[in-house]
$ cat upload.txt   # compact mmCIF, C-alpha atoms
# COMPACT_ATOMS: atom_id res chain seq x y z
CA MET A 20 -53.51 -11.06 75.57
CA ARG A 21 -53.04 -7.74 77.33
CA VAL A 22 -50.59 -4.87 76.75
CA TYR A 23 -49.35 -3.18 79.94
CA GLY A 24 -48.02 0.31 80.24
CA VAL A 25 -49.70 3.34 81.65
CA GLY A 26 -52.76 1.18 81.65
CA HIS A 27 -53.78 -1.97 79.91
CA VAL A 28 -55.83 -2.44 76.73
CA ASP A 29 -57.49 -5.58 75.51
CA MET A 30 -56.20 -6.54 72.01
CA GLU A 31 -59.76 -7.37 70.99
CA THR A 32 -60.72 -3.80 71.85
CA LEU A 33 -57.84 -2.51 69.75
CA ARG A 34 -59.01 -4.59 66.83
CA ASP A 35 -62.59 -3.34 67.24
CA ASN A 36 -61.46 0.28 67.40
CA GLY A 37 -59.23 -0.17 64.35
CA PHE A 38 -62.10 -1.69 62.42
CA ARG A 39 -64.38 1.21 63.37
CA ASP A 40 -61.70 3.69 62.28
CA LEU A 41 -61.38 1.88 58.97
CA ILE A 42 -65.16 2.01 58.43
CA ALA A 43 -65.22 5.70 59.33
CA ARG A 44 -62.43 6.47 56.84
CA ALA A 45 -64.21 4.46 54.15
CA ARG A 46 -67.43 6.38 54.75
CA ARG A 47 -65.59 9.70 54.48
CA VAL A 48 -64.08 8.60 51.16
CA LEU A 49 -67.48 7.50 49.91
CA ARG A 50 -69.03 10.81 50.94
CA ARG A 51 -66.35 12.70 49.03
CA GLN A 52 -66.85 10.51 45.98
CA ARG A 53 -70.61 10.88 46.21
CA TYR A 54 -70.23 14.65 46.37
CA LYS A 55 -68.01 14.59 43.30
CA LEU A 56 -70.68 12.61 41.48
CA THR A 57 -73.78 14.48 42.65
CA GLY A 58 -72.75 17.69 44.38
CA THR A 59 -71.04 19.38 41.44
CA ALA A 60 -72.62 20.77 38.28
CA LEU A 61 -71.54 17.69 36.34
CA GLY A 62 -72.83 15.47 39.13
CA ARG A 63 -76.24 17.15 39.09
CA GLU A 64 -76.42 16.78 35.32
CA ARG A 65 -75.59 13.08 35.65
CA ARG A 66 -78.33 12.68 38.24
CA HIS A 67 -80.95 14.41 36.05
CA VAL A 68 -79.88 12.39 33.00
CA ARG A 69 -80.37 9.16 34.95
CA ARG A 70 -83.80 10.33 36.04
CA GLY A 71 -84.65 11.16 32.46
CA ILE A 72 -83.67 7.70 31.26
CA ARG A 73 -85.77 6.10 33.99
CA ALA A 74 -88.75 8.30 33.03
CA TYR A 75 -88.24 7.34 29.38
CA GLU A 76 -88.21 3.65 30.29
CA ARG A 77 -91.40 4.04 32.35
CA SER A 78 -93.05 5.82 29.44
CA VAL A 79 -92.08 3.06 27.02
CA ALA A 80 -93.42 0.45 29.44
CA SER A 81 -96.76 2.28 29.52
CA GLY A 82 -97.17 1.66 25.79
CA THR A 83 -97.72 5.31 24.83
CA ASP A 84 -94.25 6.80 24.58
CA PHE A 85 -94.41 9.66 22.08
CA TYR A 86 -90.69 10.41 22.16
CA LEU A 87 -89.90 6.86 21.05
CA LEU A 88 -92.69 7.08 18.46
CA ARG A 89 -91.55 10.43 17.07
CA ARG A 90 -87.95 9.27 16.84
CA ASN A 91 -88.75 5.96 15.16
CA VAL A 92 -91.27 7.38 12.70
CA HIS A 93 -88.69 10.01 11.79
CA ARG A 94 -86.11 7.26 11.21
CA ILE A 95 -88.58 5.39 8.99
CA GLU A 96 -89.38 8.55 7.06
CA LYS A 97 -85.67 9.13 6.45
CA GLY A 98 -85.47 5.56 5.16
CA LEU A 99 -88.32 6.27 2.75
CA THR A 100 -86.34 9.17 1.27
CA MET A 101 -83.27 7.05 0.49
CA ARG A 102 -82.37 6.42 -3.15
CA PRO A 103 -83.09 3.79 -4.12
CA THR A 104 -85.80 3.04 -1.61
CA ARG A 105 -85.17 -0.31 0.04
CA SER A 106 -87.91 -2.92 0.13
CA GLN A 107 -86.85 -4.03 3.60
CA PHE A 108 -85.50 -1.85 6.40
CA ALA A 109 -86.19 -0.78 10.01
CA THR A 110 -86.47 -4.42 11.06
CA ASP A 111 -84.73 -3.74 14.37
CA TYR A 112 -87.26 -1.18 15.55
CA ILE A 113 -90.47 -1.55 13.53
CA ALA A 114 -92.05 -3.78 16.20
CA GLU A 115 -91.60 -1.27 19.03
CA THR A 116 -92.77 1.52 16.73
CA ILE A 117 -96.04 -0.19 15.90
CA ASP A 118 -96.51 -1.23 19.52
CA ALA A 119 -96.24 2.44 20.55
CA PHE A 120 -98.54 3.56 17.71
CA HIS A 121 -101.09 0.87 18.57
CA GLY A 122 -100.94 1.83 22.26
CA GLY A 123 -101.41 5.51 21.50
CA VAL A 124 -104.41 4.86 19.24
CA THR A 125 -106.16 2.32 21.46
CA GLN A 126 -105.71 4.51 24.55
CA ARG A 127 -107.07 7.51 22.61
CA VAL A 128 -104.03 9.69 23.24
CA LEU A 129 -103.22 9.63 19.53
CA GLN A 130 -106.20 10.61 17.37
CA PRO A 131 -106.83 11.55 13.71
CA HIS A 132 -107.45 15.24 14.40
CA GLN A 133 -103.86 15.64 15.62
CA PRO A 134 -101.26 16.72 13.02
CA GLU A 135 -98.81 14.22 14.49
CA PHE A 136 -101.26 11.39 13.85
CA SER A 137 -101.57 12.34 10.17
CA TRP A 138 -97.80 12.42 9.84
CA MET A 139 -97.23 9.11 11.63
CA TYR A 140 -100.08 7.38 9.85
CA SER A 141 -98.89 8.58 6.44
CA VAL A 142 -95.29 7.49 7.07
CA LEU A 143 -96.36 4.04 8.27
CA VAL A 144 -98.75 3.55 5.34
CA ASN A 145 -95.89 4.44 3.00
CA TYR A 146 -93.55 2.11 4.85
CA PHE A 147 -95.82 -0.92 4.60
CA SER A 148 -96.46 -0.13 0.93
CA VAL A 149 -92.73 0.00 0.17
CA THR A 150 -92.06 -3.19 2.16
CA ALA A 151 -95.10 -5.05 0.80
CA SER A 152 -92.93 -7.68 -0.86
CA SER A 153 -90.88 -8.35 2.29
CA GLU A 154 -91.49 -11.64 4.06
CA HIS A 155 -89.48 -10.67 7.10
CA GLN A 156 -91.35 -11.99 10.13
CA LEU A 157 -91.10 -8.77 12.15
CA ILE A 158 -92.37 -6.63 9.27
CA MET A 159 -95.28 -8.97 8.64
CA GLN A 160 -96.24 -9.00 12.31
CA ALA A 161 -95.97 -5.22 12.51
CA ARG A 162 -98.11 -4.85 9.38
CA ASN A 163 -100.89 -6.93 10.96
CA LYS A 164 -100.74 -4.96 14.22
CA PHE A 165 -100.81 -1.69 12.29
CA ARG A 166 -103.99 -2.79 10.52
CA GLU A 167 -105.45 -3.68 13.90
CA ALA A 168 -104.56 -0.24 15.25
CA VAL A 169 -106.20 1.70 12.42
CA THR A 170 -109.48 -0.20 12.81
CA PHE A 171 -109.98 1.96 15.93
CA VAL A 172 -109.84 5.06 13.74
CA ASP A 173 -113.01 6.37 12.11
CA THR A 174 -111.24 8.09 9.22
CA ALA A 175 -107.57 7.94 8.38
CA GLU A 176 -106.26 9.38 5.15
CA PRO A 177 -102.55 9.94 4.57
CA GLU A 178 -102.09 13.70 4.59
CA SER A 179 -98.40 14.12 5.26
CA GLY A 180 -95.15 12.26 5.02
CA PRO A 181 -92.28 12.08 2.53
CA HIS A 182 -92.73 14.61 -0.26
CA MET A 183 -90.70 16.25 -2.98
CA ALA A 184 -88.29 18.93 -1.85
CA GLU A 185 -89.52 22.37 -2.82
CA VAL A 186 -87.26 25.05 -4.20
CA PRO A 187 -87.24 27.81 -1.57
CA MET A 188 -89.48 30.67 -2.58
CA ALA A 189 -87.67 34.00 -2.62
CA THR A 190 -90.19 35.55 -0.22
CA VAL A 191 -87.47 36.39 2.30
CA LYS A 192 -84.39 37.87 0.73
CA ILE A 193 -80.99 37.29 2.31
CA ASP A 194 -80.65 41.06 2.62
CA ASP A 195 -83.83 41.17 4.70
CA LEU A 196 -82.69 38.31 6.92
CA GLU A 197 -79.29 39.92 7.39
CA LEU A 198 -80.96 43.22 8.25
CA LEU A 199 -83.13 41.46 10.83
CA ALA A 200 -80.10 39.76 12.40
CA THR A 201 -77.78 42.78 12.41
CA GLY A 202 -80.51 45.15 13.52
CA ARG A 203 -81.58 43.10 16.50
CA ARG A 204 -80.26 44.17 19.88
CA SER A 205 -80.72 42.77 23.37
CA VAL A 206 -83.27 45.10 24.93
CA ARG A 207 -83.50 45.34 28.72
CA TRP A 208 -85.71 48.40 29.08
CA PHE A 209 -89.28 48.16 27.92
CA THR A 210 -92.46 50.20 27.77
CA SER A 211 -95.42 49.11 29.88
CA GLU A 212 -97.39 48.11 26.78
CA PRO A 213 -98.29 44.40 26.96
CA VAL A 214 -97.49 42.08 24.07
CA ALA A 215 -100.53 40.33 22.63
CA ARG A 216 -100.42 36.58 23.18
CA ASP A 217 -101.21 35.82 19.55
CA LEU A 218 -97.92 37.51 18.59
CA VAL A 219 -96.04 35.37 21.09
CA ASP A 220 -97.81 32.23 19.90
CA ARG A 221 -96.87 32.99 16.32
CA ALA A 222 -93.22 33.28 17.36
CA VAL A 223 -93.53 29.98 19.24
CA ARG A 224 -94.98 28.41 16.10
CA ILE A 225 -91.89 29.53 14.20
CA ALA A 226 -89.67 28.18 16.98
CA ALA A 227 -91.38 24.78 16.72
CA GLU A 228 -90.24 24.56 13.09
CA SER A 229 -86.59 24.62 14.15
CA PRO A 230 -84.57 21.47 13.43
CA THR A 231 -84.43 18.97 16.26
CA ALA A 232 -82.76 15.58 16.68
CA CYS A 233 -85.13 12.90 15.32
CA ASN A 234 -88.06 15.33 15.57
CA ARG A 235 -88.34 14.83 19.32
CA GLN A 236 -88.61 18.53 20.32
CA PRO A 237 -87.43 17.87 23.90
CA TYR A 238 -88.43 21.28 25.25
CA ARG A 239 -91.34 23.47 26.19
CA PHE A 240 -91.89 27.18 26.77
CA GLU A 241 -93.23 28.39 30.12
CA ILE A 242 -94.50 31.93 29.44
CA PHE A 243 -95.32 34.57 32.04
CA ASP A 244 -96.95 37.91 31.22
CA ASP A 245 -98.36 39.10 34.56
CA PRO A 246 -96.18 41.30 36.79
CA ALA A 247 -96.44 39.15 39.91
CA SER A 248 -95.30 35.95 38.19
CA ILE A 249 -92.57 37.73 36.23
CA ALA A 250 -91.17 39.23 39.42
CA LYS A 251 -90.91 35.78 41.03
CA VAL A 252 -89.26 34.12 38.02
CA ALA A 253 -86.97 37.00 37.02
CA ALA A 254 -85.48 37.18 40.52
CA ILE A 255 -83.94 33.69 40.25
CA PRO A 256 -81.37 33.83 37.41
CA MET A 257 -78.32 36.03 37.67
CA GLY A 258 -77.88 39.07 35.45
CA THR A 259 -81.38 40.56 35.80
CA ASP A 260 -80.67 42.95 38.68
CA GLY A 261 -81.72 46.49 37.97
CA TYR A 262 -84.18 45.88 35.15
CA ASP A 263 -86.22 42.83 36.14
CA HIS A 264 -88.98 44.97 37.71
CA GLN A 265 -90.20 46.27 34.33
CA ILE A 266 -90.05 43.19 32.09
CA PRO A 267 -93.47 42.80 30.37
CA GLY A 268 -93.04 39.14 29.40
CA LEU A 269 -90.72 36.31 30.34
CA ILE A 270 -90.18 32.87 28.81
CA VAL A 271 -88.46 29.95 30.50
CA ILE A 272 -87.25 27.28 28.09
CA ILE A 273 -87.26 23.89 29.81
CA GLY A 274 -85.59 20.78 28.41
CA ASN A 275 -87.01 17.30 28.97
CA LEU A 276 -84.41 14.57 29.48
CA ALA A 277 -87.16 11.92 29.43
CA ALA A 278 -87.03 12.19 25.64
CA PHE A 279 -83.84 10.11 25.53
CA PHE A 280 -82.88 6.53 26.27
CA ASP A 281 -79.12 7.00 26.57
CA THR A 282 -76.62 9.40 28.15
CA ARG A 283 -75.12 10.05 24.71
CA ASP A 284 -78.07 12.40 24.00
CA ARG A 285 -77.82 14.40 27.23
CA HIS A 286 -76.81 17.62 25.45
CA LEU A 287 -79.71 17.64 23.00
CA ILE A 288 -82.06 19.55 25.30
CA TYR A 289 -79.60 22.45 25.12
CA ILE A 290 -78.90 22.17 21.39
CA ASP A 291 -82.51 21.73 20.31
CA GLY A 292 -83.79 24.18 22.91
CA CYS A 293 -81.42 26.91 21.71
CA LEU A 294 -82.17 26.25 18.04
CA ALA A 295 -85.81 26.83 18.92
CA ALA A 296 -84.90 29.89 20.96
CA MET A 297 -83.31 31.56 17.95
CA GLY A 298 -86.46 30.96 15.88
CA LEU A 299 -88.50 32.34 18.76
CA ILE A 300 -86.37 35.47 19.03
CA TYR A 301 -86.45 36.19 15.29
CA GLY A 302 -90.18 35.47 15.27
CA LEU A 303 -90.68 38.11 17.95
CA GLU A 304 -88.30 40.58 16.28
CA ALA A 305 -90.06 40.26 12.92
CA GLN A 306 -93.26 41.39 14.62
CA GLY A 307 -91.65 44.39 16.26
CA VAL A 308 -91.27 42.70 19.65
CA ASN A 309 -87.87 43.08 21.27
CA SER A 310 -86.15 40.52 23.46
CA CYS A 311 -83.20 39.76 25.68
CA CYS A 312 -81.62 36.35 26.26
CA ILE A 313 -81.04 35.62 29.95
CA ASN A 314 -78.34 33.11 30.78
CA TRP A 315 -79.24 30.32 33.17
CA PRO A 316 -76.47 29.60 35.71
CA ASP A 317 -76.01 25.99 36.80
CA LEU A 318 -76.10 26.71 40.53
CA PRO A 319 -77.82 24.27 42.92
CA ASP A 320 -79.67 26.85 45.01
CA ARG A 321 -81.09 28.66 41.99
CA GLU A 322 -82.01 25.44 40.25
CA ALA A 323 -83.81 24.21 43.36
CA GLU A 324 -85.67 27.50 43.65
CA MET A 325 -86.80 27.42 40.00
CA ARG A 326 -87.84 23.78 40.35
CA ARG A 327 -90.03 24.58 43.33
CA LEU A 328 -91.53 27.66 41.70
CA LEU A 329 -92.41 26.03 38.37
CA GLY A 330 -93.13 22.53 39.67
CA MET A 331 -90.59 20.96 37.35
CA GLU A 332 -90.19 17.21 37.00
CA PRO A 333 -86.95 15.58 38.25
CA HIS A 334 -85.88 14.90 34.65
CA GLU A 335 -86.38 18.49 33.47
CA ARG A 336 -83.75 21.23 33.35
CA VAL A 337 -83.83 24.93 32.57
CA VAL A 338 -82.07 25.76 29.29
CA MET A 339 -82.36 29.57 29.28
CA LEU A 340 -84.79 32.47 29.72
CA VAL A 341 -85.97 35.12 27.27
CA ALA A 342 -87.41 38.48 28.28
CA TYR A 343 -89.62 40.20 25.71
CA GLY A 344 -91.59 43.39 25.20
CA TYR A 345 -91.58 46.69 23.32
CA ALA A 346 -88.36 48.68 23.64
CA ASP A 347 -88.41 51.93 25.56
CA PRO A 348 -87.43 54.45 22.84
CA GLU A 349 -85.58 56.60 25.39
CA ALA A 350 -83.44 53.81 26.81
CA LEU A 351 -79.98 52.73 25.71
CA VAL A 352 -79.00 49.28 24.45
CA PRO A 353 -75.48 47.80 24.20
CA PHE A 354 -73.92 47.79 20.74
CA SER A 355 -72.14 44.46 21.32
CA ALA A 356 -69.77 44.34 18.34
CA LYS A 357 -69.60 40.87 16.80
CA ARG A 358 -66.57 38.98 15.54
CA GLN A 359 -65.89 39.11 11.82
CA VAL A 360 -66.51 36.20 9.48
CA ASP A 361 -62.77 35.63 8.98
CA GLU A 362 -62.38 35.23 12.73
CA ILE A 363 -65.01 32.53 13.24
CA ARG A 364 -64.79 30.37 10.13
CA ARG A 365 -62.20 28.59 8.04
CA TYR A 366 -62.60 26.42 4.99
CA ARG A 367 -60.63 23.20 5.16
CA ALA A 368 -59.69 20.17 3.10
CA LEU A 369 -58.39 16.98 4.71

$ encode --input "upload.txt" --output "structure tokens"
Amino acid sequence: MRVYGVGHVDMETLRDNGFRDLIARARRVLRRQRYKLTGTALGRERRHVRRGIRAYERSVASGTDFYLLRRNVHRIEKGLTMRPTRSQFATDYIAETIDAFHGGVTQRVLQPHQPEFSWMYSVLVNYFSVTASSEHQLIMQARNKFREAVTFVDTAEPESGPHMAEVPMATVKIDDLELLATGRRSVRWFTSEPVARDLVDRAVRIAAESPTACNRQPYRFEIFDDPASIAKVAAIPMGTDGYDHQIPGLIVIIGNLAAFFDTRDRHLIYIDGCLAAMGLIYGLEAQGVNSCCINWPDLPDREAEMRRLLGMEPHERVVMLVAYGYADPEALVPFSAKRQVDEIRRYRAL
């Protein structure tokens, strides 16, 4: 059939053109949707979370996943502290726990000289002692595999695990802690005196004691204390213009999304990373080392630049940065008045 007018057009051609137009419109819609999912800040987070879950799954498949092992041993240890202690529990995850422990030991990535080994070994010994009367098939199988795993170990004595809560020693008075907190200021101008690495390491050790979800510690500290490296890193985040050229030390806190198996935990790298950051900052301050928190903006160009510079994995994200050094006594610092207690808290009953 033909349509005549100024010219003539084959109906089949019209149908073909209409189909192509429909495909083109569909592709434009898909591109817009894809941008909404991956081109925005939320989209990028979703993409990194998916990558983290895939990395977690690959790690579990390798048989040596320490994030799974830390989480599950922590869950078992919590079970051992329950009152009364149950003679049968953790049946839904004891098998994967012992598989991971066995894999770590047999592949020599988990060894007795490591503090984590002592903790895990002690918890599992306690667990199989408490559940000795259980005839649950999974517990019995796990017990046998655990015995097989520890035959690879030359010496293995329980050295850590559940213990009695200790009454806090009054070595740090609340007045001292309050003085430390209220006296601290964000310092942006420093002397040229370098900070000894053992002081920084001691602050990191304090940071590592911060609470973290299921003891996974899904973060690490990348520390720079040479001028050339600091200049490269400090130029990336916003808010450092004008003072970045004289920062003596710089820490990048990086969160690892491969520590989690589900999107529900996607915020934990920020929560746990910032809990650790506060311990780090107070650890520095207590040794006379000043610091300044540097916000990390979620901007694609800056994230890409930091990823390239630090060689970050696809499932890692920057949480924040911390500049540190000794304050220049002739420089000013902001007062930054804080909100009062009555403004930020309320006691409630429901």

$ closest_residue --input "upload.txt" --among "A:Glu335, A:Glu322, A:Asp195, A:Glu304" --to "Ala278 in chain A" --atoms "all atoms listed in the file"
A:Glu335

$ residues_around --input "upload.txt" --residues "Ala161 in chain A" --least-positions-apart "6" --cutoff "7 Å" --atoms "all atoms listed in the file" --output "mmCIF file with C-alpha atoms, in the coordinates of the input"
data_model
loop_
_atom_site.group_PDB
_atom_site.id
_atom_site.type_symbol
_atom_site.label_atom_id
_atom_site.label_comp_id
_atom_site.auth_asym_id
_atom_site.auth_seq_id
_atom_site.Cartn_x
_atom_site.Cartn_y
_atom_site.Cartn_z
ATOM 1 C CA ILE A 113 -90.470 -1.550 13.530
ATOM 2 C CA ALA A 114 -92.050 -3.780 16.200
ATOM 3 C CA ILE A 117 -96.040 -0.190 15.900
#

$ closest_residue --input "upload.txt" --among "A:Glu96, A:Glu154, A:Glu167, A:Asp111" --to "Trp138 in chain A" --atoms "all atoms listed in the file"
A:Glu96

$ atom_distance --input "upload.txt" --atom1 "CA of Leu196 in chain A" --atom2 "CA of Ile225 in chain A"
14.7 Å

$ closest_residue --input "upload.txt" --among "A:Ala356, A:Ala346, A:Leu287, A:Val338" --to "Val214 in chain A" --atoms "only C-alpha atoms"
A:Ala346

$ atom_distance --input "upload.txt" --atom1 "CA of Thr210 in chain A" --atom2 "CA of Pro246 in chain A"
13.2 Å

$ residues_around --input "upload.txt" --residues "range 93-95 of chain A" --least-positions-apart "4" --cutoff "8 Å" --atoms "only C-alpha atoms" --output "list in words"
Arg89, Leu99, Ala109, Val142, Leu143, Tyr146, Cys233 and Asn234 of chain A

$ residues_near_point --input "upload.txt" --point "(-98.0, 0.9, 10.2)" --cutoff "9 Å" --atoms "all atoms listed in the file" --output "list in words"
Ile113, Thr116, Ile117, Phe120, His121, Met139, Tyr140, Ser141, Val142, Leu143, Val144, Asn145, Tyr146, Phe147, Ala161, Arg162, Asn163, Lys164, Phe165, Arg166, Ala168 and Val169 of chain A

$ atom_distance --input "upload.txt" --atom1 "CA of Arg224 in chain A" --atom2 "CA of Leu299 in chain A"
8.0 Å

$ decode --input "upload.txt" --residues "range 78-98 of chain A" --atoms "N, CA, C and O atoms" --output "PDB file, in the first residue's frame"
ATOM      1  N   SER A  78      35.447 -13.413  48.562  1.00  0.00           N
ATOM      2  CA  SER A  78      36.299 -13.713  49.706  1.00  0.00           C
ATOM      3  C   SER A  78      35.795 -14.938  50.468  1.00  0.00           C
ATOM      4  O   SER A  78      36.574 -15.795  50.880  1.00  0.00           O
ATOM      5  N   VAL A  79      34.483 -15.022  50.640  1.00  0.00           N
ATOM      6  CA  VAL A  79      33.898 -16.182  51.309  1.00  0.00           C
ATOM      7  C   VAL A  79      34.183 -17.451  50.498  1.00  0.00           C
ATOM      8  O   VAL A  79      34.535 -18.494  51.049  1.00  0.00           O
ATOM      9  N   ALA A  80      34.046 -17.346  49.184  1.00  0.00           N
ATOM     10  CA  ALA A  80      34.280 -18.505  48.330  1.00  0.00           C
ATOM     11  C   ALA A  80      35.728 -18.980  48.395  1.00  0.00           C
ATOM     12  O   ALA A  80      36.014 -20.163  48.194  1.00  0.00           O
ATOM     13  N   SER A  81      36.656 -18.058  48.710  1.00  0.00           N
ATOM     14  CA  SER A  81      38.067 -18.438  48.786  1.00  0.00           C
ATOM     15  C   SER A  81      38.372 -19.252  50.034  1.00  0.00           C
ATOM     16  O   SER A  81      39.421 -19.884  50.130  1.00  0.00           O
ATOM     17  N   GLY A  82      37.467 -19.210  51.019  1.00  0.00           N
ATOM     18  CA  GLY A  82      37.656 -19.979  52.244  1.00  0.00           C
ATOM     19  C   GLY A  82      38.440 -19.278  53.323  1.00  0.00           C
ATOM     20  O   GLY A  82      38.744 -19.877  54.361  1.00  0.00           O
ATOM     21  N   THR A  83      38.801 -18.000  53.127  1.00  0.00           N
ATOM     22  CA  THR A  83      39.610 -17.298  54.126  1.00  0.00           C
ATOM     23  C   THR A  83      39.038 -15.927  54.458  1.00  0.00           C
ATOM     24  O   THR A  83      39.785 -14.982  54.687  1.00  0.00           O
ATOM     25  N   ASP A  84      37.735 -15.797  54.475  1.00  0.00           N
ATOM     26  CA  ASP A  84      37.135 -14.487  54.683  1.00  0.00           C
ATOM     27  C   ASP A  84      37.203 -14.085  56.157  1.00  0.00           C
ATOM     28  O   ASP A  84      36.542 -14.671  57.002  1.00  0.00           O
ATOM     29  N   PHE A  85      38.007 -13.063  56.454  1.00  0.00           N
ATOM     30  CA  PHE A  85      38.186 -12.650  57.842  1.00  0.00           C
ATOM     31  C   PHE A  85      37.035 -11.792  58.338  1.00  0.00           C
ATOM     32  O   PHE A  85      36.771 -11.746  59.540  1.00  0.00           O
ATOM     33  N   TYR A  86      36.355 -11.092  57.434  1.00  0.00           N
ATOM     34  CA  TYR A  86      35.215 -10.290  57.883  1.00  0.00           C
ATOM     35  C   TYR A  86      34.082 -11.200  58.338  1.00  0.00           C
ATOM     36  O   TYR A  86      33.444 -10.951  59.365  1.00  0.00           O
ATOM     37  N   LEU A  87      33.816 -12.258  57.587  1.00  0.00           N
ATOM     38  CA  LEU A  87      32.815 -13.233  58.015  1.00  0.00           C
ATOM     39  C   LEU A  87      33.240 -13.869  59.333  1.00  0.00           C
ATOM     40  O   LEU A  87      32.437 -14.032  60.263  1.00  0.00           O
ATOM     41  N   LEU A  88      34.528 -14.219  59.432  1.00  0.00           N
ATOM     42  CA  LEU A  88      35.033 -14.892  60.631  1.00  0.00           C
ATOM     43  C   LEU A  88      34.950 -13.986  61.850  1.00  0.00           C
ATOM     44  O   LEU A  88      34.503 -14.402  62.923  1.00  0.00           O
ATOM     45  N   ARG A  89      35.377 -12.730  61.701  1.00  0.00           N
ATOM     46  CA  ARG A  89      35.301 -11.794  62.824  1.00  0.00           C
ATOM     47  C   ARG A  89      33.850 -11.625  63.287  1.00  0.00           C
ATOM     48  O   ARG A  89      33.569 -11.634  64.481  1.00  0.00           O
ATOM     49  N   ARG A  90      32.966 -11.427  62.313  1.00  0.00           N
ATOM     50  CA  ARG A  90      31.559 -11.204  62.665  1.00  0.00           C
ATOM     51  C   ARG A  90      30.985 -12.407  63.398  1.00  0.00           C
ATOM     52  O   ARG A  90      30.329 -12.265  64.442  1.00  0.00           O
ATOM     53  N   ASN A  91      31.204 -13.605  62.860  1.00  0.00           N
ATOM     54  CA  ASN A  91      30.594 -14.788  63.449  1.00  0.00           C
ATOM     55  C   ASN A  91      31.198 -15.139  64.797  1.00  0.00           C
ATOM     56  O   ASN A  91      30.486 -15.558  65.717  1.00  0.00           O
ATOM     57  N   VAL A  92      32.502 -14.991  64.938  1.00  0.00           N
ATOM     58  CA  VAL A  92      33.126 -15.258  66.240  1.00  0.00           C
ATOM     59  C   VAL A  92      32.608 -14.260  67.266  1.00  0.00           C
ATOM     60  O   VAL A  92      32.358 -14.608  68.430  1.00  0.00           O
ATOM     61  N   HIS A  93      32.426 -13.022  66.842  1.00  0.00           N
ATOM     62  CA  HIS A  93      31.852 -12.019  67.747  1.00  0.00           C
ATOM     63  C   HIS A  93      30.433 -12.418  68.163  1.00  0.00           C
ATOM     64  O   HIS A  93      30.065 -12.281  69.341  1.00  0.00           O
ATOM     65  N   ARG A  94      29.642 -12.911  67.227  1.00  0.00           N
ATOM     66  CA  ARG A  94      28.280 -13.346  67.552  1.00  0.00           C
ATOM     67  C   ARG A  94      28.307 -14.513  68.544  1.00  0.00           C
ATOM     68  O   ARG A  94      27.508 -14.562  69.490  1.00  0.00           O
ATOM     69  N   ILE A  95      29.233 -15.430  68.331  1.00  0.00           N
ATOM     70  CA  ILE A  95      29.364 -16.572  69.258  1.00  0.00           C
ATOM     71  C   ILE A  95      29.786 -16.092  70.637  1.00  0.00           C
ATOM     72  O   ILE A  95      29.258 -16.530  71.661  1.00  0.00           O
ATOM     73  N   GLU A  96      30.726 -15.158  70.659  1.00  0.00           N
ATOM     74  CA  GLU A  96      31.192 -14.643  71.950  1.00  0.00           C
ATOM     75  C   GLU A  96      30.061 -13.937  72.695  1.00  0.00           C
ATOM     76  O   GLU A  96      29.936 -14.063  73.926  1.00  0.00           O
ATOM     77  N   LYS A  97      29.221 -13.197  71.971  1.00  0.00           N
ATOM     78  CA  LYS A  97      28.060 -12.585  72.624  1.00  0.00           C
ATOM     79  C   LYS A  97      27.143 -13.666  73.194  1.00  0.00           C
ATOM     80  O   LYS A  97      26.588 -13.506  74.284  1.00  0.00           O
ATOM     81  N   GLY A  98      26.983 -14.764  72.444  1.00  0.00           N
ATOM     82  CA  GLY A  98      26.153 -15.861  72.934  1.00  0.00           C
ATOM     83  C   GLY A  98      26.707 -16.474  74.200  1.00  0.00           C
ATOM     84  O   GLY A  98      25.950 -16.883  75.091  1.00  0.00           O
TER      85      GLY A  98
END
